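*Asks:* Okay, so here is structure35.pdb, and as you'll see once you scroll down, it has PDB, C-alpha atoms and all ligand atoms.
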```pdb
ATOM      1  CA  MET K   1     -28.053  53.947 169.759
ATOM      2  CA  ALA K   2     -28.522  50.184 170.120
ATOM      3  CA  ALA K   3     -29.038  48.927 173.691
ATOM      4  CA  GLN K   4     -26.056  47.260 175.401
ATOM      5  CA  PRO K   5     -26.249  43.507 176.118
ATOM      6  CA  ASP K   6     -26.917  43.940 179.850
ATOM      7  CA  ALA K   7     -29.682  46.460 179.088
ATOM      8  CA  ILE K   8     -31.197  43.971 176.620
ATOM      9  CA  ASP K   9     -31.083  41.271 179.288
ATOM     10  CA  ARG K  10     -32.814  43.589 181.769
ATOM     11  CA  ARG K  11     -35.562  44.200 179.202
ATOM     12  CA  LYS K  12     -35.961  40.501 178.471
ATOM     13  CA  ARG K  13     -36.127  39.746 182.191
ATOM     14  CA  ALA K  14     -38.697  42.494 182.819
ATOM     15  CA  ALA K  15     -40.943  41.204 180.016
ATOM     16  CA  ALA K  16     -40.559  37.610 181.202
ATOM     17  CA  GLU K  17     -41.357  38.443 184.827
ATOM     18  CA  ALA K  18     -44.452  40.419 183.809
ATOM     19  CA  ALA K  19     -45.710  37.455 181.791
ATOM     20  CA  ALA K  20     -44.948  34.984 184.588
ATOM     21  CA  ALA K  21     -47.082  37.138 186.905
ATOM     22  CA  GLU K  22     -50.129  36.174 184.791
ATOM     23  CA  ILE K  23     -49.855  32.506 185.779
ATOM     24  CA  GLY K  24     -52.585  31.342 188.114
ATOM     25  CA  ASP K  25     -52.516  28.555 190.682
ATOM     26  CA  GLY K  26     -53.004  25.079 189.223
ATOM     27  CA  MET K  27     -52.297  26.082 185.628
ATOM     28  CA  THR K  28     -50.584  23.922 183.051
ATOM     29  CA  VAL K  29     -48.042  26.183 181.358
ATOM     30  CA  GLY K  30     -46.044  25.821 178.140
ATOM     31  CA  LEU K  31     -42.443  26.872 178.635
ATOM     32  CA  GLY K  32     -40.689  28.378 175.616
ATOM     33  CA  THR K  33     -37.063  28.119 174.590
ATOM     34  CA  GLY K  34     -34.319  30.749 174.485
ATOM     35  CA  SER K  35     -32.792  33.414 176.675
ATOM     36  CA  THR K  36     -36.021  35.346 177.288
ATOM     37  CA  ALA K  37     -37.957  32.182 178.075
ATOM     38  CA  ALA K  38     -35.170  31.250 180.507
ATOM     39  CA  PHE K  39     -35.959  34.393 182.504
ATOM     40  CA  ALA K  40     -39.628  33.334 182.580
ATOM     41  CA  ILE K  41     -38.682  29.868 183.844
ATOM     42  CA  ALA K  42     -36.638  31.436 186.654
ATOM     43  CA  ALA K  43     -39.535  33.773 187.521
ATOM     44  CA  ILE K  44     -41.984  30.857 187.646
ATOM     45  CA  ALA K  45     -39.624  28.930 189.920
ATOM     46  CA  ARG K  46     -39.471  31.942 192.258
ATOM     47  CA  ARG K  47     -43.267  32.152 192.329
ATOM     48  CA  MET K  48     -43.429  28.441 193.146
ATOM     49  CA  ARG K  49     -41.179  29.028 196.130
ATOM     50  CA  ASP K  50     -43.848  31.534 197.271
ATOM     51  CA  GLY K  51     -46.560  28.875 197.012
ATOM     52  CA  LEU K  52     -47.713  28.844 193.375
ATOM     53  CA  SER K  53     -48.561  25.375 192.117
ATOM     54  CA  VAL K  54     -48.109  24.712 188.379
ATOM     55  CA  ARG K  55     -47.085  21.984 186.021
ATOM     56  CA  ALA K  56     -45.355  22.647 182.730
ATOM     57  CA  VAL K  57     -44.767  21.315 179.232
ATOM     58  CA  ALA K  58     -41.282  22.079 177.875
ATOM     59  CA  THR K  59     -40.659  23.070 174.254
ATOM     60  CA  SER K  60     -37.082  21.729 174.179
ATOM     61  CA  GLU K  61     -34.655  19.511 176.037
ATOM     62  CA  ARG K  62     -32.783  22.649 177.185
ATOM     63  CA  THR K  63     -35.945  24.096 178.659
ATOM     64  CA  ALA K  64     -36.857  20.774 180.272
ATOM     65  CA  ALA K  65     -33.445  20.596 181.952
ATOM     66  CA  ALA K  66     -33.693  24.197 183.180
ATOM     67  CA  ALA K  67     -37.221  23.709 184.516
ATOM     68  CA  LEU K  68     -36.385  20.472 186.322
ATOM     69  CA  SER K  69     -33.239  21.968 187.830
ATOM     70  CA  MET K  70     -35.426  24.715 189.328
ATOM     71  CA  GLY K  71     -38.057  22.346 190.669
ATOM     72  CA  ILE K  72     -40.810  22.972 188.101
ATOM     73  CA  PRO K  73     -42.718  19.705 187.562
ATOM     74  CA  LEU K  74     -42.970  18.676 183.919
ATOM     75  CA  VAL K  75     -45.650  16.758 182.120
ATOM     76  CA  ALA K  76     -45.405  15.233 178.638
ATOM     77  CA  MET K  77     -47.342  16.883 175.835
ATOM     78  CA  ASP K  78     -49.019  13.528 175.261
ATOM     79  CA  ASP K  79     -50.423  13.556 178.772
ATOM     80  CA  VAL K  80     -52.263  16.883 178.602
ATOM     81  CA  ASP K  81     -55.451  17.687 176.719
ATOM     82  CA  SER K  82     -54.732  21.397 176.676
ATOM     83  CA  LEU K  83     -52.572  24.033 178.285
ATOM     84  CA  ASP K  84     -53.770  27.158 180.050
ATOM     85  CA  LEU K  85     -50.938  29.394 178.927
ATOM     86  CA  ALA K  86     -47.762  29.322 176.847
ATOM     87  CA  ILE K  87     -44.970  31.854 177.374
ATOM     88  CA  ASP K  88     -42.243  32.120 174.756
ATOM     89  CA  GLY K  89     -39.772  34.470 173.094
ATOM     90  CA  VAL K  90     -39.754  35.667 169.488
ATOM     91  CA  ASP K  91     -37.093  36.687 166.981
ATOM     92  CA  GLU K  92     -39.335  39.265 165.297
ATOM     93  CA  ILE K  93     -42.935  40.310 165.891
ATOM     94  CA  ASP K  94     -45.020  42.781 163.912
ATOM     95  CA  PRO K  95     -47.926  45.014 164.994
ATOM     96  CA  LEU K  96     -50.459  42.331 163.976
ATOM     97  CA  PHE K  97     -48.664  39.781 166.181
ATOM     98  CA  ARG K  98     -47.271  37.742 163.315
ATOM     99  CA  ALA K  99     -43.868  36.504 164.423
ATOM    100  CA  ILE K 100     -40.724  34.673 163.387
ATOM    101  CA  LYS K 101     -39.426  32.168 165.918
ATOM    102  CA  GLY K 102     -36.889  29.376 165.888
ATOM    103  CA  ALA K 103     -33.427  30.918 166.193
ATOM    104  CA  GLY K 104     -33.071  28.321 168.964
ATOM    105  CA  GLY K 105     -34.288  25.560 166.655
ATOM    106  CA  ALA K 106     -37.312  24.645 168.778
ATOM    107  CA  MET K 107     -40.070  26.094 166.568
ATOM    108  CA  LEU K 108     -41.794  22.779 165.829
ATOM    109  CA  ARG K 109     -42.436  21.940 169.481
ATOM    110  CA  GLU K 110     -43.011  25.605 170.251
ATOM    111  CA  LYS K 111     -45.831  25.767 167.725
ATOM    112  CA  ILE K 112     -47.428  22.561 169.002
ATOM    113  CA  VAL K 113     -47.380  23.904 172.554
ATOM    114  CA  ALA K 114     -48.608  27.361 171.497
ATOM    115  CA  SER K 115     -51.436  25.829 169.474
ATOM    116  CA  ALA K 116     -52.491  23.609 172.364
ATOM    117  CA  ALA K 117     -52.545  26.539 174.779
ATOM    118  CA  SER K 118     -55.684  28.573 175.454
ATOM    119  CA  ARG K 119     -53.488  31.638 175.404
ATOM    120  CA  MET K 120     -49.960  32.463 174.287
ATOM    121  CA  ILE K 121     -47.900  35.359 175.576
ATOM    122  CA  ALA K 122     -44.861  36.475 173.570
ATOM    123  CA  ILE K 123     -42.047  38.035 175.580
ATOM    124  CA  ALA K 124     -39.201  40.069 174.120
ATOM    125  CA  ASP K 125     -37.029  43.111 174.390
ATOM    126  CA  ALA K 126     -38.267  45.986 172.246
ATOM    127  CA  SER K 127     -35.689  45.387 169.477
ATOM    128  CA  LYS K 128     -37.756  42.389 168.362
ATOM    129  CA  PHE K 129     -40.750  44.581 167.477
ATOM    130  CA  VAL K 130     -40.645  45.341 163.733
ATOM    131  CA  ASP K 131     -42.905  47.017 161.193
ATOM    132  CA  ARG K 132     -42.536  44.112 158.794
ATOM    133  CA  LEU K 133     -41.215  40.579 159.246
ATOM    134  CA  GLY K 134     -38.280  39.334 157.213
ATOM    135  CA  ALA K 135     -34.996  40.840 158.364
ATOM    136  CA  ARG K 136     -34.329  37.448 159.948
ATOM    137  CA  PRO K 137     -34.705  34.096 158.195
ATOM    138  CA  VAL K 138     -37.664  31.803 158.710
ATOM    139  CA  PRO K 139     -36.333  28.489 160.083
ATOM    140  CA  ILE K 140     -37.846  25.247 158.841
ATOM    141  CA  GLU K 141     -37.359  21.882 160.534
ATOM    142  CA  VAL K 142     -36.807  19.373 157.746
ATOM    143  CA  LEU K 143     -36.682  15.598 157.536
ATOM    144  CA  PRO K 144     -32.992  15.018 156.651
ATOM    145  CA  LEU K 145     -33.693  13.057 153.445
ATOM    146  CA  ALA K 146     -35.866  15.900 152.119
ATOM    147  CA  ARG K 147     -33.303  18.648 152.688
ATOM    148  CA  ALA K 148     -32.463  19.419 149.029
ATOM    149  CA  PHE K 149     -36.081  18.996 147.948
ATOM    150  CA  VAL K 150     -37.367  21.428 150.565
ATOM    151  CA  ALA K 151     -34.579  23.911 149.731
ATOM    152  CA  ARG K 152     -35.674  23.872 146.053
ATOM    153  CA  ARG K 153     -39.306  24.468 147.046
ATOM    154  CA  VAL K 154     -38.198  27.397 149.196
ATOM    155  CA  THR K 155     -36.368  28.836 146.165
ATOM    156  CA  LEU K 156     -39.581  28.553 144.120
ATOM    157  CA  LEU K 157     -41.311  30.587 146.842
ATOM    158  CA  GLY K 158     -38.702  33.332 146.453
ATOM    159  CA  GLY K 159     -36.497  32.399 149.400
ATOM    160  CA  THR K 160     -32.911  31.270 149.881
ATOM    161  CA  ALA K 161     -32.367  28.261 152.128
ATOM    162  CA  HIS K 162     -29.200  27.790 154.209
ATOM    163  CA  LEU K 163     -28.559  24.615 156.134
ATOM    164  CA  ARG K 164     -28.001  25.572 159.778
ATOM    165  CA  ALA K 165     -24.562  24.466 160.947
ATOM    166  CA  GLY K 166     -23.908  22.779 164.265
ATOM    167  CA  THR K 167     -20.654  22.182 166.096
ATOM    168  CA  ASP K 168     -20.022  18.932 164.204
ATOM    169  CA  GLY K 169     -21.968  18.930 160.935
ATOM    170  CA  PRO K 170     -25.506  20.211 160.441
ATOM    171  CA  ALA K 171     -27.380  21.428 163.480
ATOM    172  CA  ARG K 172     -30.013  18.950 164.633
ATOM    173  CA  SER K 173     -33.327  19.651 166.314
ATOM    174  CA  ASP K 174     -34.308  17.784 169.476
ATOM    175  CA  GLN K 175     -36.169  15.453 167.107
ATOM    176  CA  GLY K 176     -32.971  14.722 165.129
ATOM    177  CA  ASN K 177     -33.986  16.700 162.057
ATOM    178  CA  VAL K 178     -32.045  19.393 160.179
ATOM    179  CA  ILE K 179     -32.926  23.080 160.016
ATOM    180  CA  LEU K 180     -33.042  25.270 156.921
ATOM    181  CA  ASP K 181     -32.830  28.990 157.656
ATOM    182  CA  CYS K 182     -34.790  30.558 154.814
ATOM    183  CA  ALA K 183     -34.271  34.205 153.918
ATOM    184  CA  PHE K 184     -37.244  35.780 152.140
ATOM    185  CA  GLY K 185     -36.553  39.463 152.702
ATOM    186  CA  PRO K 186     -39.536  41.601 153.726
ATOM    187  CA  VAL K 187     -42.583  39.332 154.010
ATOM    188  CA  SER K 188     -45.645  41.078 152.573
ATOM    189  CA  ASP K 189     -48.113  38.280 153.380
ATOM    190  CA  PRO K 190     -46.991  36.156 156.354
ATOM    191  CA  ALA K 191     -50.202  34.105 156.361
ATOM    192  CA  ALA K 192     -49.801  33.084 152.719
ATOM    193  CA  LEU K 193     -46.127  32.245 153.230
ATOM    194  CA  ALA K 194     -46.986  30.172 156.311
ATOM    195  CA  VAL K 195     -49.538  28.165 154.333
ATOM    196  CA  ALA K 196     -47.076  27.628 151.465
ATOM    197  CA  LEU K 197     -44.293  26.448 153.800
ATOM    198  CA  SER K 198     -46.646  24.121 155.662
ATOM    199  CA  ALA K 199     -47.591  22.492 152.360
ATOM    200  CA  ILE K 200     -44.034  21.391 151.470
ATOM    201  CA  PRO K 201     -43.675  17.631 151.985
ATOM    202  CA  GLY K 202     -40.742  16.979 154.310
ATOM    203  CA  ALA K 203     -41.031  20.388 155.980
ATOM    204  CA  LEU K 204     -42.109  19.324 159.455
ATOM    205  CA  GLY K 205     -42.629  22.735 160.940
ATOM    206  CA  HIS K 206     -41.593  26.347 160.461
ATOM    207  CA  GLY K 207     -41.036  29.410 162.577
ATOM    208  CA  LEU K 208     -43.720  31.677 161.137
ATOM    209  CA  PHE K 209     -46.363  32.173 163.816
ATOM    210  CA  VAL K 210     -49.415  33.867 162.354
ATOM    211  CA  GLU K 211     -52.347  33.217 164.677
ATOM    212  CA  GLU K 212     -50.941  31.822 167.902
ATOM    213  CA  ILE K 213     -49.902  34.919 169.868
ATOM    214  CA  ASP K 214     -52.564  36.571 172.035
ATOM    215  CA  ALA K 215     -50.552  39.052 174.061
ATOM    216  CA  LEU K 216     -47.131  40.637 173.983
ATOM    217  CA  TYR K 217     -44.899  41.900 176.763
ATOM    218  CA  LEU K 218     -42.097  44.076 175.445
ATOM    219  CA  GLY K 219     -39.323  45.248 177.710
ATOM    220  CA  ASP K 220     -37.953  48.621 176.749
ATOM    221  CA  GLY K 221     -35.962  51.382 178.409
ATOM    222  CA  ASP K 222     -38.926  52.620 180.439
ATOM    223  CA  GLY K 223     -40.348  49.335 181.650
ATOM    224  CA  VAL K 224     -42.699  46.792 180.116
ATOM    225  CA  ILE K 225     -45.294  47.525 177.462
ATOM    226  CA  ARG K 226     -48.211  45.096 177.423
ATOM    227  CA  ARG K 227     -50.299  44.747 174.290
ATOM    228  CA  ASP K 228     -53.182  42.481 173.356
ATOM    229  CA  ARG K 229     -53.548  41.075 169.895
ATOM    230  CA  PRO K 230     -55.316  43.652 167.741
ATOM    231  CA  PRO K 231     -58.775  42.605 166.487
ATOM    232  CA  PRO K 232     -58.859  41.310 162.909
ATOM    233  CA  THR K 233     -59.590  43.873 160.198
ATOM    234  CA  ALA K 234     -62.347  43.449 157.582
ATOM    235  CA  ASP K 235     -59.839  41.945 155.108
ATOM    236  CA  GLY K 236     -58.556  39.552 157.751
TER     237      GLY K 236
HETATM  238  C1  LIG J   1     -36.320  29.301 170.017
HETATM  239  C2  LIG J   1     -37.099  30.549 169.835
HETATM  240  C3  LIG J   1     -36.805  31.674 170.774
HETATM  241  O1  LIG J   1     -37.920  31.926 171.548
HETATM  242  C4  LIG J   1     -36.415  32.898 169.975
HETATM  243  O2  LIG J   1     -35.316  32.561 169.153
HETATM  244  C5  LIG J   1     -36.030  34.066 170.888
HETATM  245  O3  LIG J   1     -34.870  33.742 171.587
HETATM  246  P1  LIG J   1     -34.235  34.741 172.643
HETATM  247  O4  LIG J   1     -35.237  34.919 173.728
HETATM  248  O5  LIG J   1     -32.987  34.034 173.117
HETATM  249  O6  LIG J   1     -33.924  36.031 171.929
HETATM  250  O7  LIG J   1     -37.953  30.683 169.002
HETATM  251  O8  LIG J   1     -36.652  28.353 169.040
END
```
Can I see the file as structure tokens?
Ligand code: 5RP
*Replies:*
Amino acid sequence: MAAQPDAIDRRKRAAAEAAAAEIGDGMTVGLGTGSTAAFAIAAIARRMRDGLSVRAVATSERTAAAALSMGIPLVAMDDVDSLDLAIDGVDEIDPLFRAIKGAGGAMLREKIVASAASRMIAIADASKFVDRLGARPVPIEVLPLARAFVARRVTLLGGTAHLRAGTDGPARSDQGNVILDCAFGPVSDPAALAVALSAIPGALGHGLFVEEIDALYLGDGDGVIRRDRPPPTADG
């Protein structure tokens, strides 16, 4: 039986709090976007009230507003050379820590922050853990004038692109771009798909994370499962 919404929230919160416990004094931390990341932001704010000192880079305007409202000092991405840790949610993650992100539309900034961080922790409730990626679409942030062009390229790669709708016209990213949600079905080679999507002119960023995630905290019915990224196999 699928978990009820309040049980899912408890699992997200448990995973987020476990990840926030890894933050050390003086760290620069990347703050993800979404409901699970929001629990991490609240947990960090609580730790700061107990004396922890951190500064943070936000992956979206929503996250920036939440962090500031809770007293977490923010720094611009441009003003940091690197981050110690990034904590963020996922939409799907597989056993090799390949993930789909971006249901919240923040995947471009999320990938920049994750790539700049020495370490990235994914946080999720256990329903996000899948054998194979692809039940959910891969979002792509697209320069508005390239929307039809990118959609055609996605079709050539075997996907179907849908323009994400907002409340009044197409949804816009924090950067003012549009988002194509691209359904590929089961993804047999996430790394190859990520390379192909990155190569499309006008596609500014996509939600396939192949190499960024180092550790995973999964909240399930019995508590939090912590996993480290499995070592690469001989064939990569
Ligand atoms: C936003 C994201 C989110 O981290 C992802 O969609 C998970 O969201 P939630 O924690 O609300 O399930 O990638 O761009």
*Asks:* Skipping near chain neighbours, those fewer than 6 positions away, what residues fall within 8 Å of segment 195-205 of chain K using only C-alpha atoms, listed as a list in words?
*Replies:*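 Final neighbour list, sorted by chain and number: Met107, Leu108, Ile140, Glu141, Val142, Leu143, Ala146, Arg147, Val150, Arg153, Val154 and Leu157 of chain K.
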*Asks:* Which polymer residues, protein or nucleic acid, are no farther than 9 Å from (-53.9, 23.6, 179.6), counting all atoms listed in the file, as a PyMOL selection string?
*Replies:* chain K and resi 27-30+80-86+116-118
*Asks:* Near Ser115 of chain K, within 10 Å and counting all atoms listed in the file, which residues show up once chain neighbours fewer than 5 positions away are dropped, as a count of residues only?
*Replies:* 10
*Asks:* Let me know the centre plus edge lengths, in Å and rounded to one decimal, of a box with edges along x, y and z that contains all listed atoms of segment 48-65 of chain K and is padded by 8 Å on every side, as JSON.
*Replies:*
```
{"center_x": -40.7, "center_y": 25.5, "center_z": 185.7, "size_x": 31.8, "size_y": 28.0, "size_z": 39.1}
```
*Asks:* Each residue of chain K lying at most 8 Å from ligand LIG 1 (chain J) should get a row with its shortest atom-to-atom pair and the distance in Å to one decimal, counting all atoms listed in the file; could you produce that, ordered by chain and increasing number, as CSV?
*Replies:*
```
residue,atom,partner,partner_atom,distance
K:Lys12,CA,J:LIG1,O4,7.4
K:Gly32,CA,J:LIG1,O1,6.1
K:Thr33,CA,J:LIG1,C1,4.8
K:Gly34,CA,J:LIG1,O5,3.8
K:Ser35,CA,J:LIG1,O5,3.6
K:Thr36,CA,J:LIG1,O4,3.7
K:Ala37,CA,J:LIG1,O4,5.8
K:Ala38,CA,J:LIG1,O4,7.7
K:Asp88,CA,J:LIG1,O1,5.4
K:Gly89,CA,J:LIG1,O1,3.5
K:Val90,CA,J:LIG1,C5,4.3
K:Asp91,CA,J:LIG1,C5,4.8
K:Ile100,CA,J:LIG1,O7,7.4
K:Lys101,CA,J:LIG1,O7,3.7
K:Gly102,CA,J:LIG1,O8,3.3
K:Ala103,CA,J:LIG1,O2,3.9
K:Gly104,CA,J:LIG1,C1,3.6
K:Gly105,CA,J:LIG1,O8,4.4
K:Ala106,CA,J:LIG1,O8,3.8
K:Met107,CA,J:LIG1,O8,4.8
K:Glu110,CA,J:LIG1,O8,7.0
K:Ile123,CA,J:LIG1,O4,7.7
K:Ala124,CA,J:LIG1,O4,6.5
K:Gly207,CA,J:LIG1,O7,7.2
```
*Asks:* Pick out the closest residue to Leu31 of chain K from this set: K:Asp78, K:Glu92, K:Asp214, K:Glu61. Count only C-alpha atoms.
*Replies:*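 With only C-alpha atoms as the atom set, the closest residue is K:Glu61.
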*Asks:* I need the residue set behind the PyMOL selection byres (((chain K and resi 174) around 7) and not hetatm) for this file; please write it as a compact mmCIF listing (two decimals) with C-alpha atoms, in the coordinates of the input.
*Replies:*
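Saved as expr30.txt:
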```
# COMPACT_ATOMS: atom_id res chain seq x y z
CA SER K 60 -37.08 21.73 174.18
CA GLU K 61 -34.66 19.51 176.04
CA ARG K 172 -30.01 18.95 164.63
CA SER K 173 -33.33 19.65 166.31
CA GLN K 175 -36.17 15.45 167.11
CA GLY K 176 -32.97 14.72 165.13
```
*Asks:* Name the residues that the PyMOL selection byres (((chain K and resi 189) around 12) and not hetatm) picks from the file above, as a ChimeraX atom specification, using the file's chain letters and numbers.
*Replies:* /K:94,96,98-99,132-134,184-188,190-196,208,210,236
*Asks:* Using all atoms listed in the file, pick whichever of K:Ala66, K:Met48, K:Leu180, K:Ala171 has the shortest atom-to-atom distance to Phe149 of chain K.
*Replies:*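 With all atoms listed in the file as the atom set, the closest residue is K:Leu180.
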*Asks:* Determine the nearest neighbour of Ala114 of chain K from the options K:Ile87, K:Val224, K:Ala20, K:Val75, counting all atoms listed in the file.
*Replies:*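 Of the candidates, the smallest distance to Ala114 of chain K is held by K:Ile87.
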*Asks:* Contacts of Ala21 of chain K at 10 Å or less, counting only C-alpha atoms, minus same-chain residues fewer than 5 places along, as a PyMOL selection string?
*Replies:* chain K and resi 16+40+43-44+47
